[in-house]
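Here the structure is laid out as structure tokens; the discussion comes afterwards.
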Amino acid sequence: MNTRQEQLLAFNRLLDIMDDLREKCPWDKKQTLESLRHLTIEETYELGDAILDNDLQEIKKELGDVLLHIVFYAKIGSETNAFDIGDVANSICDKLVDRHPHIYGDVVVADEEEVKQNWEKLKLKEGKKSVLEGVPKSLPALVKASRIQDKVKGVGFDWEEPHQVWDKVQEELQELQVEVASGNQEKIEAEFGDVLFSMINYARFLKVNPEDALERTNKKFIKRFQYLESKATELGKPLMDMTLSEMDVFWEEAKKI
């Protein structure tokens with residue numbers, strides 16, 4: 001592994017390269033904060049994929065891509081004297097010190113939960129009007145629901161036992177069935193949303209990350225379905241011409257692999 005000095009040299013090298021690219025590369029010169037935004041989101045998702053795959057070499061590469069974007073934003077900020085990479089680093093350092101009084105102050109905490117509760121209380125003291133202000137509006141709905149629940153838990157708005165949450169899931173399922181029977185599409189959608197929200201809440205009590213769980217299921221389904229497609233190709237028979245029973249044979253094979 002690299003020493004701290006070697007790590008700093010590597011980071012300084014990246015800053016120098018960013019300076020060169022911003023000055024000399026036609027593409028890099030054209031970029032703005034806004035033009036980089038969607039690319040940053042894409043890189044973050046690619047990092048997430050690598051993490052779920054537990055591919056350490058790919059994680060290293062994707063972290064580099066994300067780091068490049070951070071340096072790129074800071075470089076653009078420095079060109080208008082708004083901020084530079086030093087300001088970015090000092091800003092997060094100051095926040096971490098302020099939000100960890102049990103490390104850098106005289107506050108005593110018993111466990112992780114108290115740390116999270118103190119974090120939310122400190123944010124409100126900093127001027128936040130709501131604990132939910134820190135939840136980005138553009139987050140995917142599943143991730144947003146999870147973050148909302150985690151945030152309100154930090155100020156004590158939460159169920160006490162897992163069975164209470166499961167009872168809520170059952171209640172929401174029953175309400176959904178009532179609306180399905182009624183045929184009111186708007187109410188069906190509303191109740192379906194409540195079911196999802198309660199299931200995400202239950203996942204939290206089970207210490208399961210719902211986004212990760214669903215994505216792993218997506219990957220599993222894709223792998224099995226592509227096996228099914230490959231077998232159909234071997235038979236020279238399009239999937240649309242196969243019966244469900246025929247497809248199920250290969251599906252079961254895929255599950256065993």
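Ordering of the structure tokens sets the chain letters (A, B, ...); residue numbers start at 1 within each chain; ligands are numbered from 1 in the order shown.
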
Can you pull out the residues contacting Trp159 (chain A)? Cut-off 10 Å, using only C-alpha atoms, and skip same-chain residues under 5 positions away; I want them as a PyMOL selection string. chain A and resi 153+164-165+201-202+205

N, CA, C and O atoms of the current selection, written as a PDB file, in the first residue's frame:
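To be explicit, this is the file written out as result22.pdb:
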ATOM      1  N   LYS A 153     -36.049   8.384  11.893  1.00  0.00           N
ATOM      2  CA  LYS A 153     -35.654   7.504  12.999  1.00  0.00           C
ATOM      3  C   LYS A 153     -34.652   8.220  13.900  1.00  0.00           C
ATOM      4  O   LYS A 153     -34.642   8.030  15.119  1.00  0.00           O
ATOM      5  N   GLN A 164     -44.236  -4.998  14.747  1.00  0.00           N
ATOM      6  CA  GLN A 164     -45.164  -3.889  14.532  1.00  0.00           C
ATOM      7  C   GLN A 164     -45.126  -3.427  13.070  1.00  0.00           C
ATOM      8  O   GLN A 164     -46.161  -3.098  12.493  1.00  0.00           O
ATOM      9  N   VAL A 165     -43.926  -3.418  12.506  1.00  0.00           N
ATOM     10  CA  VAL A 165     -43.774  -2.997  11.121  1.00  0.00           C
ATOM     11  C   VAL A 165     -44.379  -4.046  10.192  1.00  0.00           C
ATOM     12  O   VAL A 165     -45.028  -3.709   9.199  1.00  0.00           O
ATOM     13  N   ASN A 201     -39.595  -0.010   5.007  1.00  0.00           N
ATOM     14  CA  ASN A 201     -39.440   0.197   6.443  1.00  0.00           C
ATOM     15  C   ASN A 201     -39.116  -1.118   7.145  1.00  0.00           C
ATOM     16  O   ASN A 201     -38.257  -1.178   8.037  1.00  0.00           O
ATOM     17  N   TYR A 202     -39.797  -2.186   6.733  1.00  0.00           N
ATOM     18  CA  TYR A 202     -39.558  -3.496   7.326  1.00  0.00           C
ATOM     19  C   TYR A 202     -38.141  -3.974   7.016  1.00  0.00           C
ATOM     20  O   TYR A 202     -37.481  -4.587   7.856  1.00  0.00           O
ATOM     21  N   PHE A 205     -35.710  -2.728   9.481  1.00  0.00           N
ATOM     22  CA  PHE A 205     -35.715  -3.463  10.751  1.00  0.00           C
ATOM     23  C   PHE A 205     -35.025  -4.808  10.624  1.00  0.00           C
ATOM     24  O   PHE A 205     -34.517  -5.345  11.608  1.00  0.00           O
TER      25      PHE A 205
END

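Note that the spacing between CA of Gly48 (chain A) and CA of Lys220 (chain A) amounts to 16.1 Å.
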
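The interatomic distance for the pair CA of Asp87 (chain A) and CA of Asp16 (chain A) works out to 17.2 Å.
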
_So that I can check the surroundings of Trp251 (chain A), please list as an NGL selection string every protein, DNA and RNA residue that reaches within 8 Å of it, counting only C-alpha atoms and ignoring chain neighbours fewer than 5 positions away._
:A and (224-225 or 227-228)

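With distances restricted to only C-alpha atoms, A:Val152 is the closest residue to Lys116 (chain A) from A:Val152, A:Ile188, A:Leu39, A:Ala203.
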
*Could you pull the residues within 12 Å of region 53-58 of chain A, counting only C-alpha atoms, minus those fewer than 6 positions along the same chain, as a PyMOL selection string?*
chain A and resi 43+46-47+64-65+212+215-216+219-220

Create the file for the chosen residues now, containing C-alpha atoms and written as a JSON list (two decimals), in the first residue's frame.
[["chain", "number", "residue", "atom", "x", "y", "z"],
["A", 43, "GLU", "CA", -20.25, 7.09, -12.65],
["A", 46, "GLU", "CA", -21.20, 2.22, -12.03],
["A", 47, "LEU", "CA", -19.41, 2.36, -8.69],
["A", 64, "GLY", "CA", -10.99, 7.03, -9.62],
["A", 65, "ASP", "CA", -13.72, 8.17, -12.01],
["A", 212, "ASP", "CA", -29.15, -3.55, -2.75],
["A", 215, "GLU", "CA", -30.64, -4.90, -7.45],
["A", 216, "ARG", "CA", -29.23, -8.31, -6.53],
["A", 219, "LYS", "CA", -29.01, -9.31, -11.50],
["A", 220, "LYS", "CA", -30.15, -12.82, -10.58]]

Write out as an MDAnalysis selection string each polymer residue whose atoms come within 12 Å of Asp194 (chain A), counting only C-alpha atoms; drop sequence neighbours fewer than 4 positions from it. chainID A and resid 145 168:176 187:190 198:201

Can I get the selected residues back with all heavy atoms, as a short mmCIF file (atom, residue, chain, number, x, y, z; two decimals), in the first residue's frame?
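The result, stored in again_38.cif:
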data_model
loop_
_atom_site.label_atom_id
_atom_site.label_comp_id
_atom_site.auth_asym_id
_atom_site.auth_seq_id
_atom_site.Cartn_x
_atom_site.Cartn_y
_atom_site.Cartn_z
N ALA A 145 -37.16 6.75 -0.14
CA ALA A 145 -38.00 6.24 0.95
C ALA A 145 -37.13 5.73 2.09
O ALA A 145 -37.41 5.97 3.27
CB ALA A 145 -38.90 5.13 0.43
N LYS A 168 -47.96 -3.65 10.02
CA LYS A 168 -48.29 -2.52 9.15
C LYS A 168 -48.26 -2.95 7.69
O LYS A 168 -49.11 -2.53 6.89
CB LYS A 168 -47.30 -1.37 9.39
CG LYS A 168 -47.61 -0.10 8.60
CD LYS A 168 -48.96 0.48 9.00
CE LYS A 168 -49.22 1.81 8.29
NZ LYS A 168 -50.56 2.35 8.60
N VAL A 169 -47.28 -3.77 7.33
CA VAL A 169 -47.20 -4.29 5.97
C VAL A 169 -48.48 -5.06 5.64
O VAL A 169 -49.08 -4.88 4.57
CB VAL A 169 -45.98 -5.21 5.79
CG1 VAL A 169 -46.02 -5.91 4.43
CG2 VAL A 169 -44.68 -4.41 5.93
N GLN A 170 -48.92 -5.92 6.56
CA GLN A 170 -50.13 -6.70 6.35
C GLN A 170 -51.36 -5.80 6.21
O GLN A 170 -52.23 -6.03 5.36
CB GLN A 170 -50.34 -7.66 7.52
CG GLN A 170 -49.24 -8.70 7.69
CD GLN A 170 -49.16 -9.63 6.49
OE1 GLN A 170 -50.15 -10.15 6.01
NE2 GLN A 170 -47.94 -9.85 5.99
N GLU A 171 -51.40 -4.76 7.02
CA GLU A 171 -52.51 -3.81 6.96
C GLU A 171 -52.56 -3.12 5.60
O GLU A 171 -53.63 -2.98 4.99
CB GLU A 171 -52.35 -2.77 8.08
CG GLU A 171 -53.39 -1.67 8.07
CD GLU A 171 -53.08 -0.57 9.07
OE1 GLU A 171 -52.58 -0.89 10.17
OE2 GLU A 171 -53.33 0.62 8.75
N GLU A 172 -51.38 -2.70 5.12
CA GLU A 172 -51.31 -2.00 3.83
C GLU A 172 -51.69 -2.94 2.69
O GLU A 172 -52.33 -2.54 1.71
CB GLU A 172 -49.92 -1.42 3.61
CG GLU A 172 -49.51 -0.33 4.61
CD GLU A 172 -50.35 0.92 4.52
OE1 GLU A 172 -51.20 1.03 3.59
OE2 GLU A 172 -50.19 1.81 5.37
N LEU A 173 -51.29 -4.21 2.79
CA LEU A 173 -51.65 -5.20 1.76
C LEU A 173 -53.16 -5.40 1.68
O LEU A 173 -53.74 -5.50 0.60
CB LEU A 173 -50.96 -6.53 2.04
CG LEU A 173 -49.48 -6.62 1.66
CD1 LEU A 173 -48.85 -7.87 2.26
CD2 LEU A 173 -49.31 -6.60 0.14
N GLN A 174 -53.79 -5.44 2.84
CA GLN A 174 -55.25 -5.60 2.87
C GLN A 174 -55.94 -4.39 2.25
O GLN A 174 -56.91 -4.53 1.50
CB GLN A 174 -55.71 -5.79 4.32
CG GLN A 174 -55.30 -7.12 4.92
CD GLN A 174 -55.61 -7.23 6.40
OE1 GLN A 174 -56.29 -6.36 6.97
NE2 GLN A 174 -55.11 -8.28 7.04
N GLU A 175 -55.43 -3.19 2.55
CA GLU A 175 -56.01 -1.97 1.98
C GLU A 175 -55.82 -1.95 0.47
O GLU A 175 -56.70 -1.48 -0.27
CB GLU A 175 -55.37 -0.74 2.63
CG GLU A 175 -55.75 -0.57 4.11
CD GLU A 175 -55.08 0.62 4.75
OE1 GLU A 175 -54.34 1.35 4.04
OE2 GLU A 175 -55.28 0.84 5.96
N LEU A 176 -54.68 -2.46 0.01
CA LEU A 176 -54.44 -2.54 -1.43
C LEU A 176 -55.46 -3.47 -2.09
O LEU A 176 -56.00 -3.15 -3.15
CB LEU A 176 -53.02 -3.02 -1.70
CG LEU A 176 -52.67 -3.34 -3.16
CD1 LEU A 176 -52.82 -2.11 -4.04
CD2 LEU A 176 -51.25 -3.90 -3.27
N LYS A 187 -56.54 5.10 -6.52
CA LYS A 187 -56.41 4.60 -5.15
C LYS A 187 -55.54 3.35 -5.09
O LYS A 187 -54.82 3.12 -4.11
CB LYS A 187 -57.80 4.32 -4.57
CG LYS A 187 -58.61 5.59 -4.30
CD LYS A 187 -59.94 5.26 -3.63
CE LYS A 187 -60.72 6.54 -3.32
NZ LYS A 187 -62.03 6.26 -2.67
N ILE A 188 -55.59 2.55 -6.16
CA ILE A 188 -54.72 1.37 -6.22
C ILE A 188 -53.27 1.80 -6.19
O ILE A 188 -52.44 1.24 -5.46
CB ILE A 188 -55.01 0.54 -7.50
CG1 ILE A 188 -56.38 -0.13 -7.41
CG2 ILE A 188 -53.92 -0.50 -7.72
CD1 ILE A 188 -56.82 -0.82 -8.69
N GLU A 189 -52.94 2.82 -6.98
CA GLU A 189 -51.57 3.32 -7.02
C GLU A 189 -51.15 3.86 -5.66
O GLU A 189 -50.03 3.59 -5.20
CB GLU A 189 -51.43 4.43 -8.07
CG GLU A 189 -50.03 4.98 -8.18
CD GLU A 189 -49.91 6.10 -9.19
OE1 GLU A 189 -50.05 5.83 -10.38
OE2 GLU A 189 -49.68 7.25 -8.76
N ALA A 190 -52.03 4.59 -5.00
CA ALA A 190 -51.72 5.15 -3.69
C ALA A 190 -51.44 4.04 -2.67
O ALA A 190 -50.48 4.11 -1.90
CB ALA A 190 -52.86 6.04 -3.22
N SER A 198 -43.97 0.64 3.32
CA SER A 198 -43.95 -0.16 4.54
C SER A 198 -42.96 -1.32 4.42
O SER A 198 -42.32 -1.71 5.39
CB SER A 198 -45.36 -0.66 4.89
OG SER A 198 -45.88 -1.47 3.85
N MET A 199 -42.84 -1.89 3.21
CA MET A 199 -41.87 -2.97 3.02
C MET A 199 -40.44 -2.46 3.16
O MET A 199 -39.57 -3.14 3.71
CB MET A 199 -42.06 -3.60 1.64
CG MET A 199 -43.20 -4.59 1.55
SD MET A 199 -42.95 -6.02 2.62
CE MET A 199 -41.47 -6.74 1.91
N ILE A 200 -40.19 -1.26 2.66
CA ILE A 200 -38.87 -0.66 2.80
C ILE A 200 -38.57 -0.41 4.27
O ILE A 200 -37.44 -0.62 4.75
CB ILE A 200 -38.79 0.66 1.99
CG1 ILE A 200 -38.83 0.33 0.49
CG2 ILE A 200 -37.52 1.44 2.33
CD1 ILE A 200 -39.06 1.53 -0.39
N ASN A 201 -39.60 -0.01 5.01
CA ASN A 201 -39.44 0.20 6.44
C ASN A 201 -39.12 -1.12 7.14
O ASN A 201 -38.26 -1.18 8.04
CB ASN A 201 -40.73 0.78 7.02
CG ASN A 201 -40.47 1.74 8.17
OD1 ASN A 201 -39.34 1.97 8.56
ND2 ASN A 201 -41.53 2.27 8.73
#

Among region 38-249 of chain A, which residues does DSSP mark as alpha helix (DSSP H) when it is run on the backbone? Keep the chain and numbering as in the structure and answer as a ChimeraX atom specification. /A:38-52,56-78,85-99,101-104,112-125,141-153,162-182,185-205,210-235,244-249
